[in-house]
file coords_12.txt (compact mmCIF, C-alpha atoms and all ligand atoms)
# COMPACT_ATOMS: atom_id res chain seq x y z
CA MET A 13 0.00 0.00 0.00
CA VAL A 14 1.30 3.46 -0.91
CA TYR A 15 0.60 6.27 1.52
CA GLU A 16 0.71 10.02 0.88
CA ASN A 17 0.74 11.38 4.40
CA LEU A 18 2.75 8.73 6.18
CA MET A 19 5.63 6.34 5.69
CA LEU A 20 5.84 2.73 6.79
CA GLU A 21 9.22 1.14 7.33
CA VAL A 22 9.68 -2.43 8.56
CA LYS A 23 13.06 -3.53 9.89
CA ASP A 24 13.87 -6.59 12.00
CA SER A 25 10.24 -7.17 13.04
CA VAL A 26 9.78 -3.54 14.10
CA ALA A 27 7.43 -1.34 12.06
CA THR A 28 7.83 2.43 12.12
CA ILE A 29 4.88 4.54 11.07
CA LYS A 30 6.01 8.11 10.43
CA ILE A 31 3.41 10.82 9.85
CA THR A 32 4.70 13.03 7.04
CA ARG A 33 2.54 16.07 6.36
CA PRO A 34 5.12 18.80 6.91
CA LYS A 35 3.11 21.64 5.36
CA ALA A 36 0.72 21.41 8.34
CA LEU A 37 3.22 20.06 10.91
CA ASN A 38 1.66 16.60 10.50
CA ALA A 39 -1.84 17.78 11.42
CA LEU A 40 -4.53 15.12 11.08
CA ASP A 41 -6.91 15.75 8.22
CA THR A 42 -9.45 13.23 6.95
CA ALA A 43 -7.03 11.75 4.40
CA THR A 44 -4.36 11.20 7.08
CA LEU A 45 -6.87 9.59 9.45
CA ASP A 46 -7.95 7.25 6.63
CA GLU A 47 -4.33 6.31 5.96
CA LEU A 48 -3.62 5.84 9.65
CA LEU A 49 -6.45 3.34 9.90
CA GLU A 50 -5.20 1.52 6.78
CA VAL A 51 -1.61 1.29 8.01
CA GLU A 52 -2.74 0.06 11.43
CA LYS A 53 -4.56 -2.83 9.72
CA GLU A 54 -1.61 -3.55 7.42
CA VAL A 55 0.83 -3.69 10.36
CA ASP A 56 -1.41 -5.68 12.70
CA ASP A 57 -2.11 -8.28 9.99
CA ASN A 58 1.59 -8.78 9.22
CA ASP A 59 2.84 -11.64 11.39
CA THR A 60 6.49 -10.74 10.87
CA ILE A 61 5.96 -7.49 12.79
CA ARG A 62 6.17 -7.67 16.57
CA VAL A 63 6.43 -4.04 17.70
CA VAL A 64 5.19 -0.77 16.22
CA ILE A 65 6.63 2.73 16.56
CA VAL A 66 4.65 5.86 15.74
CA THR A 67 6.52 9.10 15.14
CA GLY A 68 6.38 12.30 13.10
CA GLU A 69 8.56 13.93 10.48
CA GLY A 70 10.37 17.19 11.20
CA LYS A 71 9.73 19.36 14.23
CA ALA A 72 6.30 17.95 15.02
CA PHE A 73 5.02 14.59 16.16
CA VAL A 74 1.49 15.66 15.23
CA SER A 75 0.31 19.27 15.67
CA GLY A 76 -3.31 18.22 16.23
CA GLY A 77 -6.47 17.89 14.22
CA ASP A 78 -6.21 19.93 11.02
CA ILE A 79 -7.58 23.31 12.07
CA ARG A 80 -8.15 24.44 8.47
CA GLU A 81 -10.29 21.36 7.78
CA MET A 82 -12.09 21.53 11.13
CA LEU A 83 -13.02 25.18 10.56
CA ALA A 84 -14.86 24.13 7.39
CA LEU A 85 -16.78 21.29 9.06
CA ASP A 86 -20.55 21.44 9.30
CA ALA A 87 -22.73 19.18 11.43
CA VAL A 88 -22.80 16.42 8.80
CA SER A 89 -19.11 16.38 7.84
CA GLY A 90 -18.26 16.89 11.52
CA VAL A 91 -19.81 13.53 12.36
CA ASP A 92 -17.69 11.81 9.68
CA PHE A 93 -14.51 13.48 10.88
CA SER A 94 -15.31 12.61 14.45
CA ASN A 95 -16.07 8.96 13.66
CA LYS A 96 -12.91 8.54 11.60
CA GLY A 97 -10.82 9.92 14.44
CA HIS A 98 -12.42 7.65 17.03
CA VAL A 99 -12.08 4.56 14.85
CA ALA A 100 -8.44 5.31 13.95
CA LEU A 101 -7.40 5.96 17.56
CA SER A 102 -9.37 3.10 19.13
CA SER A 103 -7.92 0.82 16.51
CA LEU A 104 -4.42 2.11 17.40
CA GLU A 105 -5.05 1.50 21.11
CA ASN A 106 -6.39 -1.99 20.40
CA MET A 107 -3.70 -3.15 17.99
CA LYS A 108 -2.51 -6.63 18.95
CA LYS A 109 1.10 -5.49 18.77
CA PRO A 110 2.58 -3.08 21.32
CA VAL A 111 2.87 0.49 20.04
CA ILE A 112 5.52 2.96 21.18
CA ALA A 113 5.03 6.67 20.55
CA ALA A 114 8.34 8.39 19.74
CA VAL A 115 7.30 11.99 20.41
CA ASN A 116 9.88 13.96 18.45
CA GLY A 117 8.35 17.45 18.74
CA TYR A 118 4.96 19.14 19.02
CA ALA A 119 2.29 16.71 20.23
CA LEU A 120 -0.72 18.96 20.56
CA GLY A 121 -4.42 18.20 20.58
CA GLY A 122 -5.04 15.16 18.38
CA GLY A 123 -1.25 14.63 18.40
CA LEU A 124 -1.11 14.05 22.14
CA GLU A 125 -4.29 12.00 21.79
CA ILE A 126 -2.48 9.68 19.34
CA ALA A 127 0.38 9.30 21.83
CA LEU A 128 -2.11 8.57 24.62
CA ALA A 129 -3.58 5.75 22.51
CA CYS A 130 -0.11 4.17 22.29
CA ASP A 131 1.21 1.80 24.95
CA ILE A 132 4.44 3.55 25.89
CA ILE A 133 5.56 7.14 25.24
CA TYR A 134 9.21 8.19 24.85
CA ALA A 135 9.74 11.88 24.18
CA SER A 136 12.54 14.09 22.93
CA GLU A 137 13.57 16.70 25.48
CA LYS A 138 12.49 19.24 22.82
CA ALA A 139 8.90 17.94 22.66
CA VAL A 140 5.98 20.17 23.60
CA LEU A 141 2.77 18.48 24.65
CA GLY A 142 -0.73 19.69 25.41
CA LEU A 143 -4.42 19.59 24.70
CA PRO A 144 -5.09 23.20 23.58
CA GLU A 145 -8.58 22.53 22.17
CA VAL A 146 -10.33 24.93 24.58
CA THR A 147 -8.23 27.75 23.10
CA LEU A 148 -9.96 26.94 19.79
CA GLY A 149 -13.46 26.66 21.19
CA VAL A 150 -13.73 22.87 21.25
CA VAL A 151 -12.87 19.99 23.56
CA PRO A 152 -10.35 17.22 22.90
CA GLY A 153 -12.34 14.99 20.56
CA PHE A 154 -10.11 11.98 19.94
CA GLY A 155 -10.39 10.52 23.43
CA GLY A 156 -8.12 12.97 25.27
CA THR A 157 -10.56 13.76 28.08
CA GLN A 158 -11.03 10.05 28.76
CA ARG A 159 -7.52 8.64 28.31
CA LEU A 160 -5.65 11.48 30.04
CA ALA A 161 -7.96 11.44 33.06
CA ARG A 162 -7.53 7.67 33.41
CA LEU A 163 -3.76 7.99 33.05
CA ILE A 164 -2.98 10.86 35.46
CA GLY A 165 -6.23 11.32 37.38
CA PRO A 166 -9.07 13.79 36.82
CA ALA A 167 -7.63 16.76 38.75
CA ARG A 168 -4.34 16.87 36.87
CA ALA A 169 -6.09 16.16 33.55
CA LYS A 170 -8.50 19.04 34.25
CA GLU A 171 -5.67 21.46 34.99
CA LEU A 172 -4.11 20.67 31.61
CA ILE A 173 -7.28 20.48 29.55
CA LEU A 174 -9.16 23.42 31.07
CA THR A 175 -6.19 25.77 30.60
CA GLY A 176 -5.05 24.35 27.25
CA ALA A 177 -1.49 24.64 28.65
CA ARG A 178 1.50 23.46 26.62
CA ILE A 179 4.04 21.61 28.71
CA SER A 180 7.58 20.37 28.23
CA ALA A 181 8.53 16.71 27.90
CA ARG A 182 10.03 16.87 31.40
CA GLU A 183 6.76 18.22 32.87
CA ALA A 184 4.86 15.49 31.01
CA TYR A 185 7.24 12.94 32.53
CA ASP A 186 6.65 14.35 36.02
CA LEU A 187 2.88 14.04 35.45
CA GLY A 188 3.24 10.39 34.38
CA ILE A 189 2.24 10.97 30.75
CA VAL A 190 5.65 10.17 29.28
CA ASN A 191 7.68 7.06 30.19
CA LYS A 192 11.08 8.52 29.36
CA VAL A 193 12.61 11.80 28.17
CA VAL A 194 15.74 11.54 26.05
CA PRO A 195 18.08 13.92 24.22
CA ASP A 196 16.63 14.75 20.81
CA ASP A 197 19.35 13.03 18.79
CA GLU A 198 19.01 9.82 20.82
CA LEU A 199 15.24 9.49 20.66
CA MET A 200 14.97 6.98 17.83
CA ASN A 201 17.92 4.88 19.08
CA GLU A 202 16.33 4.65 22.52
CA VAL A 203 12.96 3.77 21.04
CA TYR A 204 14.48 1.09 18.79
CA ALA A 205 16.36 -0.34 21.77
CA LEU A 206 13.09 -0.62 23.68
CA ALA A 207 11.30 -2.07 20.63
CA SER A 208 14.07 -4.66 20.15
CA LYS A 209 13.79 -5.77 23.78
CA ILE A 210 10.06 -6.30 23.38
CA ALA A 211 10.53 -7.97 19.97
CA ARG A 212 12.82 -10.60 21.51
CA VAL A 213 10.32 -11.97 24.05
CA ALA A 214 7.32 -14.19 23.34
CA PRO A 215 5.04 -12.23 20.98
CA LEU A 216 1.74 -13.87 21.92
CA ALA A 217 2.49 -13.34 25.61
CA VAL A 218 3.29 -9.68 24.88
CA GLN A 219 0.02 -9.28 23.00
CA LEU A 220 -2.08 -10.84 25.73
CA ALA A 221 -0.27 -8.95 28.48
CA LYS A 222 -1.09 -5.71 26.63
CA ASP A 223 -4.70 -6.81 26.27
CA CYS A 224 -5.00 -7.65 29.99
CA ILE A 225 -3.62 -4.25 31.00
CA ASN A 226 -5.94 -2.44 28.57
CA VAL A 227 -8.89 -4.36 30.00
CA SER A 228 -7.81 -3.48 33.56
CA THR A 229 -8.60 0.20 33.02
CA ASN A 230 -12.23 -0.54 32.16
CA VAL A 231 -13.40 -3.34 34.44
CA ASP A 232 -13.57 -4.25 38.13
CA ILE A 233 -10.69 -6.27 39.61
CA GLU A 234 -12.57 -9.60 39.67
CA SER A 235 -13.39 -9.37 35.94
CA GLY A 236 -9.82 -8.28 35.21
CA LEU A 237 -8.38 -11.23 37.12
CA ARG A 238 -10.68 -13.61 35.24
CA HIS A 239 -9.50 -12.10 31.96
CA GLU A 240 -5.88 -12.55 33.10
CA ALA A 241 -6.53 -16.20 34.01
CA HIS A 242 -8.00 -16.84 30.56
CA ALA A 243 -5.01 -15.20 28.91
CA PHE A 244 -2.69 -17.39 30.96
CA ALA A 245 -4.65 -20.49 29.98
CA ILE A 246 -4.51 -19.59 26.27
CA LEU A 247 -0.74 -19.11 26.49
CA CYS A 248 -0.36 -22.53 28.16
CA GLY A 249 -1.52 -24.00 24.86
CA THR A 250 1.19 -22.29 22.77
CA GLU A 251 4.47 -23.63 21.40
CA ASP A 252 6.16 -20.48 22.71
CA LYS A 253 5.33 -21.36 26.31
CA ASN A 254 6.95 -24.79 25.91
CA GLU A 255 9.89 -23.17 24.17
CA GLY A 256 10.33 -20.43 26.83
CA MET A 257 10.11 -22.77 29.82
CA GLY A 258 12.04 -25.55 28.06
CA ALA A 259 14.83 -23.15 27.12
CA PHE A 260 15.07 -21.92 30.71
CA LEU A 261 15.46 -25.46 32.04
CA GLU A 262 17.93 -26.38 29.28
CA LYS A 263 19.92 -23.18 30.03
CA ARG A 264 19.75 -21.90 26.42
CA PRO A 265 18.21 -18.82 24.81
CA ALA A 266 14.58 -19.26 23.75
CA VAL A 267 13.56 -18.84 20.11
CA PHE A 268 9.96 -17.65 19.95
CA ARG A 269 7.88 -18.12 16.81
CA GLY A 270 4.57 -16.59 17.85
CA ARG A 271 2.78 -19.94 17.83
N1 LIG A 301 -3.83 22.33 11.71
C1 LIG A 301 -3.58 22.87 10.50
N2 LIG A 301 -2.43 23.50 10.18
C2 LIG A 301 -1.49 23.58 11.13
C3 LIG A 301 -1.68 23.04 12.42
C4 LIG A 301 -2.91 22.38 12.69
N3 LIG A 301 -3.16 21.77 13.85
N4 LIG A 301 -0.57 23.31 13.14
C5 LIG A 301 0.28 23.97 12.32
N5 LIG A 301 -0.28 24.14 11.12
C6 LIG A 301 0.27 24.81 9.96
C7 LIG A 301 0.32 26.32 10.18
O1 LIG A 301 -0.94 26.91 9.85
C8 LIG A 301 1.40 26.72 9.22
O2 LIG A 301 0.87 26.75 7.91
P1 LIG A 301 1.24 27.92 6.86
O3 LIG A 301 0.90 29.18 7.54
O4 LIG A 301 2.74 27.75 6.65
O5 LIG A 301 0.42 27.61 5.65
C9 LIG A 301 2.38 25.56 9.28
O6 LIG A 301 1.64 24.45 9.82
C10 LIG A 301 3.54 25.82 10.21
O7 LIG A 301 3.00 26.21 11.46
P2 LIG A 301 3.53 27.52 12.25
O8 LIG A 301 4.02 28.56 11.30
O9 LIG A 301 2.47 27.90 13.21
O10 LIG A 301 4.81 26.89 12.99
P3 LIG A 301 5.45 27.37 14.36
O11 LIG A 301 6.72 26.60 14.49
O12 LIG A 301 5.50 28.85 14.46
O13 LIG A 301 4.44 26.88 15.50
C11 LIG A 301 2.97 25.29 16.58
C12 LIG A 301 4.25 25.51 15.71
C13 LIG A 301 2.73 23.76 16.64
C14 LIG A 301 3.22 25.81 18.00
C15 LIG A 301 1.78 26.04 15.93
O14 LIG A 301 1.72 25.67 14.54
C16 LIG A 301 0.47 25.70 16.58
O15 LIG A 301 0.15 26.20 17.65
N6 LIG A 301 -0.33 24.88 15.89
C17 LIG A 301 -1.68 24.55 16.32
C18 LIG A 301 -1.63 23.58 17.49
C19 LIG A 301 -3.01 23.26 18.01
O16 LIG A 301 -3.75 24.14 18.47
N7 LIG A 301 -3.36 22.01 17.94
C20 LIG A 301 -4.62 21.50 18.40
C21 LIG A 301 -5.53 21.44 17.22
S1 LIG A 301 -7.18 21.13 17.76
C22 LIG A 301 -12.78 16.17 17.46
C23 LIG A 301 -11.68 15.44 17.22
C24 LIG A 301 -10.44 15.99 17.33
C25 LIG A 301 -10.27 17.27 17.69
C26 LIG A 301 -11.38 18.01 17.95
C27 LIG A 301 -12.64 17.48 17.84
N8 LIG A 301 -14.04 15.57 17.38
C28 LIG A 301 -14.06 14.13 17.20
C29 LIG A 301 -15.20 16.28 17.51
C30 LIG A 301 -8.93 17.75 17.75
C31 LIG A 301 -8.65 19.02 17.87
C32 LIG A 301 -7.29 19.48 17.79
O17 LIG A 301 -6.32 18.76 17.73

call {"tool": "encode", "arguments": {"input": "coords_12.txt", "output": "structure tokens"}}
result
Amino acid sequence: MVYENLMLEVKDSVATIKITRPKALNALDTATLDELLEVEKEVDDNDTIRVVIVTGEGKAFVSGGDIREMLALDAVSGVDFSNKGHVALSSLENMKKPVIAAVNGYALGGGLEIALACDIIYASEKAVLGLPEVTLGVVPGFGGTQRLARLIGPARAKELILTGARISAREAYDLGIVNKVVPDDELMNEVYALASKIARVAPLAVQLAKDCINVSTNVDIESGLRHEAHAFAILCGTEDKNEGMGAFLEKRPAVFRGR
């Protein structure tokens, strides 16, 4: 598949999706949301890929929803735009494979919302993050009010969202939004190192561990524990579980095949 507003690179079982719409600092218009949904499917369906990285080209990760396009929306086209955004970001959050956001620069509005739908966020020390939608007369519409409040608690989420403040990567780290802040020129190396670590362990176990943690944010503890038990039981039926435990006992490195 050929994309106009993003690039897909696959290397050593790690896929990198780079959003490349420099004329609007990688802002999300309808065409980019469509492509994002397509590439998510392509990557999730490809069994050779174990880990996914999402990043942006140039000085922005993603500068938000496309303000020019949103200004022109009416009630009917607004529903389409809104649905596309929700589908693309929910699908990102629910990808089987783990997704790392490499926040290389501005991650504002829909940009931060994309990062929040990823599993782990590493940020350049130059990155600027925020949900400035109230400064434009709207609310975060791609899940930001829900995901940020669950991640850092309602009071801290309200302080950010109700002011529309832009914060540094270090402040985002202190709030618990970002996992790690790294020097700008080391961001991709650090992210690849993390991706490689995850790519080396049992892929089905990684996928189900991600799924269990995602479920944990939406259900009571008893339901979550039942889900975890089922995941464990499924993994007991895999070749990788026999390989992992067998390799440990035979004192050799395990070779996981995702079966
Ligand atoms: N949309 C469209 N164009 C954008 C853009 C954006 N979000 N951000 C930047 N650009 C364009 C600029 O207009 C400019 O275009 P030209 O003038 O060259 O044609 C070009 O990118 C370069 O931008 P600047 O000249 O402004 O570059 P600077 O380095 O000076 O500043 C900046 C960078 C990122 C600080 C600044 O561009 C900026 O503040 N951008 C806007 C950031 C922002 O407010 N983002 C939040 C957007 S609102 C919903 C779903 C989603 C949403 C809402 C509802 N529903 C489901 C209902 C989401 C809303 C948002 O994300």

call {"tool": "residues_around", "arguments": {"input": "coords_12.txt", "residues": "Glu183 (chain A)", "least_positions_apart": "4", "cutoff": "12 Å", "atoms": "all atoms listed in the file", "output": "JSON, numbers by chain"}}
result
{"A": [135, 137, 138, 139, 140, 141, 142, 168, 172, 177, 178, 179, 187, 188, 189, 190, 191, 192, 193]}

call {"tool": "atom_distance", "arguments": {"input": "coords_12.txt", "atom1": "CA of Ala217 (chain A)", "atom2": "CA of Glu50 (chain A)"}}
result
25.2 Å

call {"tool": "residues_near_ligand", "arguments": {"input": "coords_12.txt", "ligand": "ligand LIG 301 (chain A)", "cutoff": "9 Å", "atoms": "all atoms listed in the file", "output": "VMD selection string"}}
result
chain A and resid 34 to 41 71 to 72 74 to 82 90 to 98 117 to 125 140 142 to 148 150 to 156 176

call {"tool": "closest_residue", "arguments": {"input": "coords_12.txt", "among": "A:Ile61, A:Cys248, A:Glu105, A:Val26", "to": "Leu49 (chain A)", "atoms": "only C-alpha atoms"}}
result
A:Glu105

call {"tool": "residues_around", "arguments": {"input": "coords_12.txt", "residues": "Ser103 (chain A)", "least_positions_apart": "4", "cutoff": "9 Å", "atoms": "only C-alpha atoms", "output": "compact mmCIF listing (two decimals) with C-alpha atoms, in the coordinates of the input"}}
result
# COMPACT_ATOMS: atom_id res chain seq x y z
CA LEU A 49 -6.45 3.34 9.90
CA GLU A 52 -2.74 0.06 11.43
CA LYS A 53 -4.56 -2.83 9.72
CA HIS A 98 -12.42 7.65 17.03
CA VAL A 99 -12.08 4.56 14.85
CA MET A 107 -3.70 -3.15 17.99
CA ALA A 129 -3.58 5.75 22.51

call {"tool": "atom_distance", "arguments": {"input": "coords_12.txt", "atom1": "CA of Asp131 (chain A)", "atom2": "CA of Pro110 (chain A)"}}
result
6.2 Å

call {"tool": "residues_around", "arguments": {"input": "coords_12.txt", "residues": "Thr229 (chain A)", "least_positions_apart": "4", "cutoff": "9 Å", "atoms": "all atoms listed in the file", "output": "PDB file with C-alpha atoms, keeping the file's coordinate frame"}}
result
ATOM      1  CA  ARG A 162      -7.530   7.670  33.410  1.00  0.00           C
ATOM      2  CA  ILE A 225      -3.620  -4.250  31.000  1.00  0.00           C
ATOM      3  CA  GLY A 236      -9.820  -8.280  35.210  1.00  0.00           C
TER       4      GLY A 236
END

call {"tool": "atom_distance", "arguments": {"input": "coords_12.txt", "atom1": "CA of Lys253 (chain A)", "atom2": "CA of Ala241 (chain A)"}}
result
15.1 Å

call {"tool": "closest_residue", "arguments": {"input": "coords_12.txt", "among": "A:Ser25, A:Asn17, A:Ser235, A:Ser89", "to": "Ala211 (chain A)", "atoms": "only C-alpha atoms"}}
result
A:Ser25

call {"tool": "residues_around", "arguments": {"input": "coords_12.txt", "residues": "Cys130 (chain A)", "least_positions_apart": "6", "cutoff": "10 Å", "atoms": "only C-alpha atoms", "output": "PyMOL selection string"}}
result
chain A and resi 64-66+101-102+104-107+110-114+124

call {"tool": "decode", "arguments": {"input": "coords_12.txt", "residues": "region 176-202 of chain A", "atoms": "N, CA, C and O atoms", "output": "short mmCIF file (atom, residue, chain, number, x, y, z; two decimals), in the first residue's frame"}}
result
data_model
loop_
_atom_site.label_atom_id
_atom_site.label_comp_id
_atom_site.auth_asym_id
_atom_site.auth_seq_id
_atom_site.Cartn_x
_atom_site.Cartn_y
_atom_site.Cartn_z
N GLY A 176 -5.64 24.51 28.60
CA GLY A 176 -5.05 24.35 27.25
C GLY A 176 -3.53 24.52 27.29
O GLY A 176 -2.91 24.79 26.26
N ALA A 177 -2.93 24.36 28.48
CA ALA A 177 -1.49 24.64 28.65
C ALA A 177 -0.64 23.72 27.78
O ALA A 177 -0.98 22.56 27.55
N ARG A 178 0.48 24.26 27.33
CA ARG A 178 1.50 23.46 26.62
C ARG A 178 2.62 23.19 27.61
O ARG A 178 3.11 24.12 28.25
N ILE A 179 3.03 21.96 27.71
CA ILE A 179 4.04 21.61 28.71
C ILE A 179 5.24 20.93 28.04
O ILE A 179 5.13 20.41 26.93
N SER A 180 6.35 20.98 28.75
CA SER A 180 7.58 20.37 28.23
C SER A 180 7.52 18.86 28.42
O SER A 180 6.71 18.34 29.21
N ALA A 181 8.44 18.17 27.74
CA ALA A 181 8.53 16.71 27.90
C ALA A 181 8.81 16.37 29.37
O ALA A 181 8.27 15.40 29.90
N ARG A 182 9.68 17.15 30.00
CA ARG A 182 10.03 16.87 31.40
C ARG A 182 8.79 17.01 32.31
O ARG A 182 8.56 16.18 33.19
N GLU A 183 7.98 18.07 32.07
CA GLU A 183 6.76 18.22 32.87
C GLU A 183 5.80 17.04 32.62
O GLU A 183 5.15 16.55 33.53
N ALA A 184 5.74 16.62 31.34
CA ALA A 184 4.86 15.49 31.01
C ALA A 184 5.35 14.22 31.70
O ALA A 184 4.56 13.38 32.15
N TYR A 185 6.67 14.09 31.82
CA TYR A 185 7.24 12.94 32.53
C TYR A 185 6.84 13.01 34.01
O TYR A 185 6.39 12.02 34.60
N ASP A 186 6.98 14.20 34.59
CA ASP A 186 6.65 14.35 36.02
C ASP A 186 5.17 14.04 36.28
O ASP A 186 4.80 13.56 37.35
N LEU A 187 4.32 14.32 35.30
CA LEU A 187 2.88 14.04 35.45
C LEU A 187 2.54 12.57 35.20
O LEU A 187 1.42 12.13 35.43
N GLY A 188 3.51 11.81 34.67
CA GLY A 188 3.24 10.39 34.38
C GLY A 188 2.64 10.15 33.01
O GLY A 188 2.08 9.09 32.74
N ILE A 189 2.76 11.15 32.12
CA ILE A 189 2.24 10.97 30.75
C ILE A 189 3.29 10.27 29.89
O ILE A 189 2.96 9.40 29.08
N VAL A 190 4.54 10.65 30.10
CA VAL A 190 5.65 10.17 29.28
C VAL A 190 6.47 9.18 30.10
O VAL A 190 6.73 9.41 31.28
N ASN A 191 6.87 8.06 29.48
CA ASN A 191 7.68 7.06 30.19
C ASN A 191 9.13 7.50 30.36
O ASN A 191 9.76 7.20 31.36
N LYS A 192 9.66 8.17 29.31
CA LYS A 192 11.08 8.52 29.36
C LYS A 192 11.33 9.75 28.48
O LYS A 192 10.75 9.86 27.40
N VAL A 193 12.21 10.64 28.97
CA VAL A 193 12.61 11.80 28.17
C VAL A 193 14.07 11.60 27.79
O VAL A 193 14.89 11.27 28.65
N VAL A 194 14.37 11.78 26.49
CA VAL A 194 15.74 11.54 26.05
C VAL A 194 16.22 12.69 25.18
O VAL A 194 15.42 13.41 24.58
N PRO A 195 17.56 12.88 25.11
CA PRO A 195 18.08 13.92 24.22
C PRO A 195 17.54 13.70 22.80
O PRO A 195 17.38 12.56 22.36
N ASP A 196 17.29 14.81 22.11
CA ASP A 196 16.63 14.75 20.81
C ASP A 196 17.32 13.78 19.84
O ASP A 196 16.66 12.96 19.20
N ASP A 197 18.66 13.86 19.79
CA ASP A 197 19.35 13.03 18.79
C ASP A 197 19.45 11.56 19.21
O ASP A 197 19.95 10.74 18.45
N GLU A 198 18.98 11.23 20.40
CA GLU A 198 19.01 9.82 20.82
C GLU A 198 17.63 9.18 20.84
O GLU A 198 17.48 8.00 21.16
N LEU A 199 16.61 10.00 20.50
CA LEU A 199 15.24 9.49 20.66
C LEU A 199 15.01 8.18 19.90
O LEU A 199 14.58 7.18 20.48
N MET A 200 15.31 8.17 18.60
CA MET A 200 14.97 6.98 17.83
C MET A 200 15.81 5.77 18.25
O MET A 200 15.32 4.65 18.30
N ASN A 201 17.09 6.00 18.59
CA ASN A 201 17.92 4.88 19.08
C ASN A 201 17.34 4.27 20.34
O ASN A 201 17.27 3.06 20.49
N GLU A 202 16.90 5.14 21.25
CA GLU A 202 16.33 4.65 22.52
C GLU A 202 15.03 3.89 22.26
O GLU A 202 14.76 2.86 22.87
#
